[in-house]
Amino acid sequence: MGFGPHLLLAVLEGLVTSAVLALTALGLSLVFGVMRVVNVAHGELFMLGAVLAWAVATAVGGSPALGFVAALVIAPLIVGAVAALAEQLVLRRVDYDPEATIVATIGLLYILQQLALTFYGADARPVPPPFNIRLALPWFGYSAYKLSIIATSTVLLLLSWLVLTHTRAGLIMRATQYDRETAQAFGIPVGRVYAAVFAIGAMLAAVAAVLIVPISQAHYLMGQDPLLLSFAVVIIGGLGSLRGTVVAALLIGISDGVISMFFSPTLAKLIATLAVAMVLVFRPQGLFGKAAR
Amino acid sequence: MTDRKTISAAGPAPLTRRTALKGMAAAGGLMAAPGFVRYAQAQSSAPIRIGFQCHRTGIGAAYGRWYERTTAAAVKLINEAGGINGRPVEIVIEDDGTDAGRGAEVVAKFANQHKTDIVYGTLFSHVVIGSAPAAGELKIPYYVVSEGYHVASGQLNRWCLQPGITDVRAQVTSMAPWIAANAGKKVTMIYPDYAFGYDHRDYLPPALEKAGAEVVAKIAIPPTESSFTRYFPQIPSSTEVLYHVMVGPAVLTFVKELGEFYGSSGPKLFGFIDSLEAVDINSPGLEYLDGSHFWEGSPRYAQAGDSDAMKAYRAAVGIDDNGASVNDPRDISTAGHMFGCWETLYVIKQAMEASGYRGPEDRAKLVEATEAISTLAEGPEHPQGDKVFDGKIHQVFGHQYISKLEGGRLDVVHKTSIEDSRYEPEADYTAQPF
């Protein structure tokens with residue numbers, strides 16, 4: 001295979017990674033931006049989305065497209081409800097104290113992981129993709145479904161941007177993010193905003209998981225990588241910045257695709273980690289983040 | 001073999017609190033048991049305690065589940081037939097999280113806390129390699145069911161034995177001639193980037209060369225990888241056979257992406273069933289494997305010529321003709337490996353009876369008695385087939401099966417002889433002092 005097709009394949013793979021990563025990281029970024037807490041269980045909410053996608057698709061049966069669409073709607077809703085419940089039962093009780101939240105969400109991580117192991121089992125289970133089309137390029141074949149992930153993710157990201165910048169709900173979220181106390185003084189129900197943001201963050205991860213599960217199966221340990229990569233994206237892009245999150249996800253996803261194809265996957269991970277370290281040293285607020293006030 | 005890579009797919013540390021609670025409960029139960037004092041006085045009636053290092057969680061969990069069921073079935077039969085030396089057998093299970101560091105802790109826990117007679121049952125090679133030094137230091141016999149070459153290579157110590165399942169070197173040595181003759185002469189290997197994969201990388205190429213074929217590329221894949229398309233451009237276009245062995249939950253993705261990449265024009269496939277153990281071969285996405293060949297330690301699907309012993313074994317473990325649990329047709333077994341648990345337990349029984357094993361003071365005698373075993377006849381105790389045990393390298397040799405995936409099931413097309421799998425031993429554990 002020549003250099004051109006090789007690069008094309010690397011970029012396509014990178015874009016798929018970026019698309020999923022951007023959605024997952026946006027959830028994490030939103031939660032941190034608005035609530036100023038780090039949700040360590042974010043990866044497990046992603047895993048929960050994938051596992052529920054399998055459960056829903058299996059329960060619905062019938063054509064794969066029907067099961068998939070059902071999963072795409074139902075799984076994020078359940079994950080959002082679980083997250084809202086966790087927010088009410090745990091995060092609110094520790095008063096969103098940053099350190100306590102980290103410990104609490106580590107606990108949540110283990111609880112979700114072990115529940116998945118207990119009720120879902122240790123197997124990796126596939127969800128059939130809604131359509132099975134192979135695009136035969138002259139040099140290699142590529143899955144049309146993978147391309148549709150890129151499109152879906154782009155639409156969802158645009159939608160998130162519209163909601164954040166052009167709706168009342170977005171305004172309330174941004175106000176809470178900007179200054180919690182003043183927002184409260186102006187009558188914004190900060191508690192409810194927090195619950196909603198935590199749920200939305202989890203739902204974004206769940207949507208990303210449902211999109212990825214037809215190409216990489218649902219498994220109870222699948223939450224680790226998305227969590228680490230999301231942290232990398234959020235640190236590089238700047239916490240709470242949608243634009244930064246998307247740019248950083250593209251950066252990490254495509255460089256991961258290209259470097260791991262032409263050199264080695266280990267080198268790709270090394271470089272991503274190094275980038276995180278460099279950003280932390282030279283621009284702690286991230287590429288697009290605003291310095292702490 | 002100096003590669004001692006460990007994989008940390010499991011991420012955070014395993015459940016120490018749960019195991020601690022379990023340990024406390026077990027200890028409490030033991031103290032409260034009415035028979036405790038009597039057993040201490042009359043050791044001859046106390047159960048023989050076998051510590052089972054089990055992959056209950058982590059990436060080996062599906063194997064662990066079936067190793068546990070096979071072990072329970074074999075122990076039930078052994079106890080019904082009077083136990084070992086007239087004493088019942090008791091299995092004590094500890095989860096190692098399929099983690100090398102935890103594995104060593106579990107071995108120490110068996111020796112010091114549970115006071116088991118031996119340790120048994122580990123599969124994943126990095127756990128075996130990580131746990132073996134602990135077994136050597138604590139002088140506790142360590143019977144593994146791992147199929148890695150690490151035991152036979154002499155890399156471990158005299159306390160480590162593998163009498164129930166053949167090693168990778170023997171497997172690839174016996175199958176290389178068939179691959180060269182039936183699949184193709186130019187082979188590209190895809191293997192996991194840790195000890196088990198390195199056994200394939202190191203021993204398949206020379207065996208293929210001997211058979212007139214060659215390896216044109218070797219592609220190592222990190223065990224935590226979840227996407228594979230990026231590796232496929234490394235497969236040379238001259239490849240006639242793609243040899244794939246890959247343990248991890250991502251195998252379905254691997255096959256699906258391979259199908260998307262090649263369409264109908266790809267190389268032939270020869271794989272190790274390890275990739276697909278506990279996976280339904282009729283899962284969506286696996287269609288691309290149709291018509292390809294697999295190594296199987298023991299056939300998953302019931303075969304026309306199955307012996308009565310094999311039928312009895314399958315019934316006792318509880319698998320149907322498709323190799324799935326009789327209780328749940330979606331719960332697919334790890335039939336290619338788990339027979340090793342059954343056979344290892346019977347070797348332990350044979351060696352304990354030959355050495356007149358009474359307790360931990362006879363552990364060295366038990367190892368010597370195992371080393372003295374030479375042939376194992378096919379039968380209820382060894383349903384997978386007859387075997388030859390090489391006491392010097394602590395490794396058993398047996399038959400291998402090559403099966404073709406066709407019409408949604410695997411059928412055996414070739415059975416290798418024991419002689420095909422022999423190689424020049426590189427070690428002599430019997431020369432090591434205890």
# chains A, B, ... in the order shown; residues from 1 in each chain; ligands from 1
>>> residues_around(residues="Asp199 in chain B", least_positions_apart="2", cutoff="8 Å", atoms="only C-alpha atoms", output="short mmCIF file (atom, residue, chain, number, x, y, z; two decimals) with C-alpha atoms, in the first residue's frame")
data_model
loop_
_atom_site.label_atom_id
_atom_site.label_comp_id
_atom_site.auth_asym_id
_atom_site.auth_seq_id
_atom_site.Cartn_x
_atom_site.Cartn_y
_atom_site.Cartn_z
CA GLY B 148 2.78 -21.03 27.95
CA TYR B 149 6.31 -22.28 27.28
CA VAL B 168 2.69 -23.30 22.98
CA ARG B 169 6.03 -24.48 21.62
CA ALA B 195 4.88 -13.51 27.15
CA PHE B 196 2.24 -15.80 25.63
CA GLY B 197 2.50 -14.03 22.28
CA ARG B 201 6.72 -15.39 17.82
CA ASP B 202 9.79 -17.36 18.88
CA TYR B 203 8.78 -20.92 18.04
#
>>> residues_around(residues="Val31 in chain A", least_positions_apart="4", cutoff="9 Å", atoms="only C-alpha atoms", output="MDAnalysis selection string")
chainID A and resid 26:27 35:39 194 197:202 240
>>> residues_around(residues="Lys115 in chain B", least_positions_apart="4", cutoff="10 Å", atoms="only C-alpha atoms", output="number ranges by chain")
B: 49-51, 92, 108-111, 360
>>> write_last_selection(atoms="N, CA and C atoms", output="PDB file, in the first residue's frame")
ATOM      1  N   ARG B  49      -6.267 -29.835  50.916  1.00  0.00           N
ATOM      2  CA  ARG B  49      -6.697 -28.502  50.484  1.00  0.00           C
ATOM      3  C   ARG B  49      -5.891 -28.042  49.271  1.00  0.00           C
ATOM      4  N   ILE B  50      -6.599 -27.755  48.196  1.00  0.00           N
ATOM      5  CA  ILE B  50      -5.962 -27.284  46.974  1.00  0.00           C
ATOM      6  C   ILE B  50      -6.325 -25.816  46.764  1.00  0.00           C
ATOM      7  N   GLY B  51      -5.310 -24.969  46.769  1.00  0.00           N
ATOM      8  CA  GLY B  51      -5.548 -23.545  46.525  1.00  0.00           C
ATOM      9  C   GLY B  51      -5.705 -23.299  45.037  1.00  0.00           C
ATOM     10  N   VAL B  92      -9.928 -24.301  47.654  1.00  0.00           N
ATOM     11  CA  VAL B  92      -9.996 -22.950  48.219  1.00  0.00           C
ATOM     12  C   VAL B  92      -9.705 -21.980  47.080  1.00  0.00           C
ATOM     13  N   ALA B 108       1.157 -16.557  48.083  1.00  0.00           N
ATOM     14  CA  ALA B 108       1.620 -16.413  49.461  1.00  0.00           C
ATOM     15  C   ALA B 108       0.466 -16.606  50.443  1.00  0.00           C
ATOM     16  N   LYS B 109      -0.700 -16.124  50.069  1.00  0.00           N
ATOM     17  CA  LYS B 109      -1.862 -16.246  50.948  1.00  0.00           C
ATOM     18  C   LYS B 109      -2.254 -17.716  51.121  1.00  0.00           C
ATOM     19  N   PHE B 110      -2.195 -18.460  50.015  1.00  0.00           N
ATOM     20  CA  PHE B 110      -2.494 -19.894  50.100  1.00  0.00           C
ATOM     21  C   PHE B 110      -1.514 -20.592  51.034  1.00  0.00           C
ATOM     22  N   ALA B 111      -0.230 -20.264  50.892  1.00  0.00           N
ATOM     23  CA  ALA B 111       0.796 -20.968  51.661  1.00  0.00           C
ATOM     24  C   ALA B 111       0.738 -20.582  53.136  1.00  0.00           C
ATOM     25  N   PRO B 360       1.882 -30.985  54.220  1.00  0.00           N
ATOM     26  CA  PRO B 360       2.890 -30.082  53.649  1.00  0.00           C
ATOM     27  C   PRO B 360       4.328 -30.602  53.760  1.00  0.00           C
TER      28      PRO B 360
END
>>> select_by_dssp(residues="range 4-199 of chain A", states="alpha helix (DSSP H)", output="ChimeraX atom specification")
/A:4-35,42-60,64-86,98-119,144-166,168-178,180-185,190-199
>>> closest_residue(among="A:Ile150, A:Leu30, A:Ile133, A:Leu45", to="Ile111 in chain A", atoms="only C-alpha atoms")
A:Leu45
>>> residues_around(residues="His394 in chain B", least_positions_apart="2", cutoff="12 Å", atoms="only C-alpha atoms", output="PyMOL selection string")
chain B and resi 141-144+149-167+367-374+388-392+396-397+425-430
>>> closest_atom_pairs(of="chain A", to="chain B", cutoff="6 Å", atoms="only C-alpha atoms", output="Markdown table")
| residue | atom | partner | partner_atom | distance |
| --- | --- | --- | --- | --- |
| A:Ala122 | CA | B:Ala61 | CA | 5.7 |
| A:Ala124 | CA | B:Pro249 | CA | 5.4 |
| A:Phe140 | CA | B:Phe261 | CA | 5.4 |
| A:Gly141 | CA | B:Phe261 | CA | 4.4 |
| A:Tyr142 | CA | B:Glu260 | CA | 5.6 |
| A:Ile215 | CA | B:Thr253 | CA | 5.9 |
| A:Ser216 | CA | B:Thr253 | CA | 5.4 |
| A:Met261 | CA | B:Arg230 | CA | 5.2 |
>>> select_by_dssp(residues="range 123-186 of chain B", states="strand (DSSP E)", output="list in words")
Tyr142, Tyr143, Cys160, Leu161 and Lys186 of chain B
>>> write_last_selection(atoms="C-alpha atoms", output="PDB file, in the first residue's frame")
ATOM      1  CA  TYR B 142       2.396 -24.896  41.810  1.00  0.00           C
ATOM      2  CA  TYR B 143       0.419 -26.828  39.174  1.00  0.00           C
ATOM      3  CA  CYS B 160       6.162 -25.267  39.029  1.00  0.00           C
ATOM      4  CA  LEU B 161       4.579 -28.010  36.939  1.00  0.00           C
ATOM      5  CA  LYS B 186       4.043 -17.182   3.337  1.00  0.00           C
TER       6      LYS B 186
END
>>> decode(residues="range 84-108 of chain A", atoms="C-alpha atoms", output="mmCIF file, in the first residue's frame")
data_model
loop_
_atom_site.group_PDB
_atom_site.id
_atom_site.type_symbol
_atom_site.label_atom_id
_atom_site.label_comp_id
_atom_site.auth_asym_id
_atom_site.auth_seq_id
_atom_site.Cartn_x
_atom_site.Cartn_y
_atom_site.Cartn_z
ATOM 1 C CA ALA A 84 -28.605 12.394 38.478
ATOM 2 C CA LEU A 85 -29.296 9.921 41.276
ATOM 3 C CA ALA A 86 -25.603 9.715 42.157
ATOM 4 C CA GLU A 87 -25.435 13.501 42.148
ATOM 5 C CA GLN A 88 -28.392 13.727 44.565
ATOM 6 C CA LEU A 89 -27.279 10.892 46.841
ATOM 7 C CA VAL A 90 -23.533 11.451 46.918
ATOM 8 C CA LEU A 91 -22.105 14.642 45.439
ATOM 9 C CA ARG A 92 -24.695 16.891 47.083
ATOM 10 C CA ARG A 93 -23.982 15.279 50.472
ATOM 11 C CA VAL A 94 -20.272 16.002 50.219
ATOM 12 C CA ASP A 95 -21.138 19.561 49.207
ATOM 13 C CA TYR A 96 -19.168 19.305 45.917
ATOM 14 C CA ASP A 97 -15.945 19.489 47.864
ATOM 15 C CA PRO A 98 -13.300 18.811 45.158
ATOM 16 C CA GLU A 99 -11.273 16.249 47.123
ATOM 17 C CA ALA A 100 -14.296 14.485 48.583
ATOM 18 C CA THR A 101 -15.879 14.317 45.138
ATOM 19 C CA ILE A 102 -12.831 12.610 43.690
ATOM 20 C CA VAL A 103 -12.926 9.979 46.404
ATOM 21 C CA ALA A 104 -16.697 9.598 46.088
ATOM 22 C CA THR A 105 -16.553 9.170 42.327
ATOM 23 C CA ILE A 106 -13.745 6.620 42.667
ATOM 24 C CA GLY A 107 -16.176 4.711 44.838
ATOM 25 C CA LEU A 108 -18.853 5.144 42.195
#
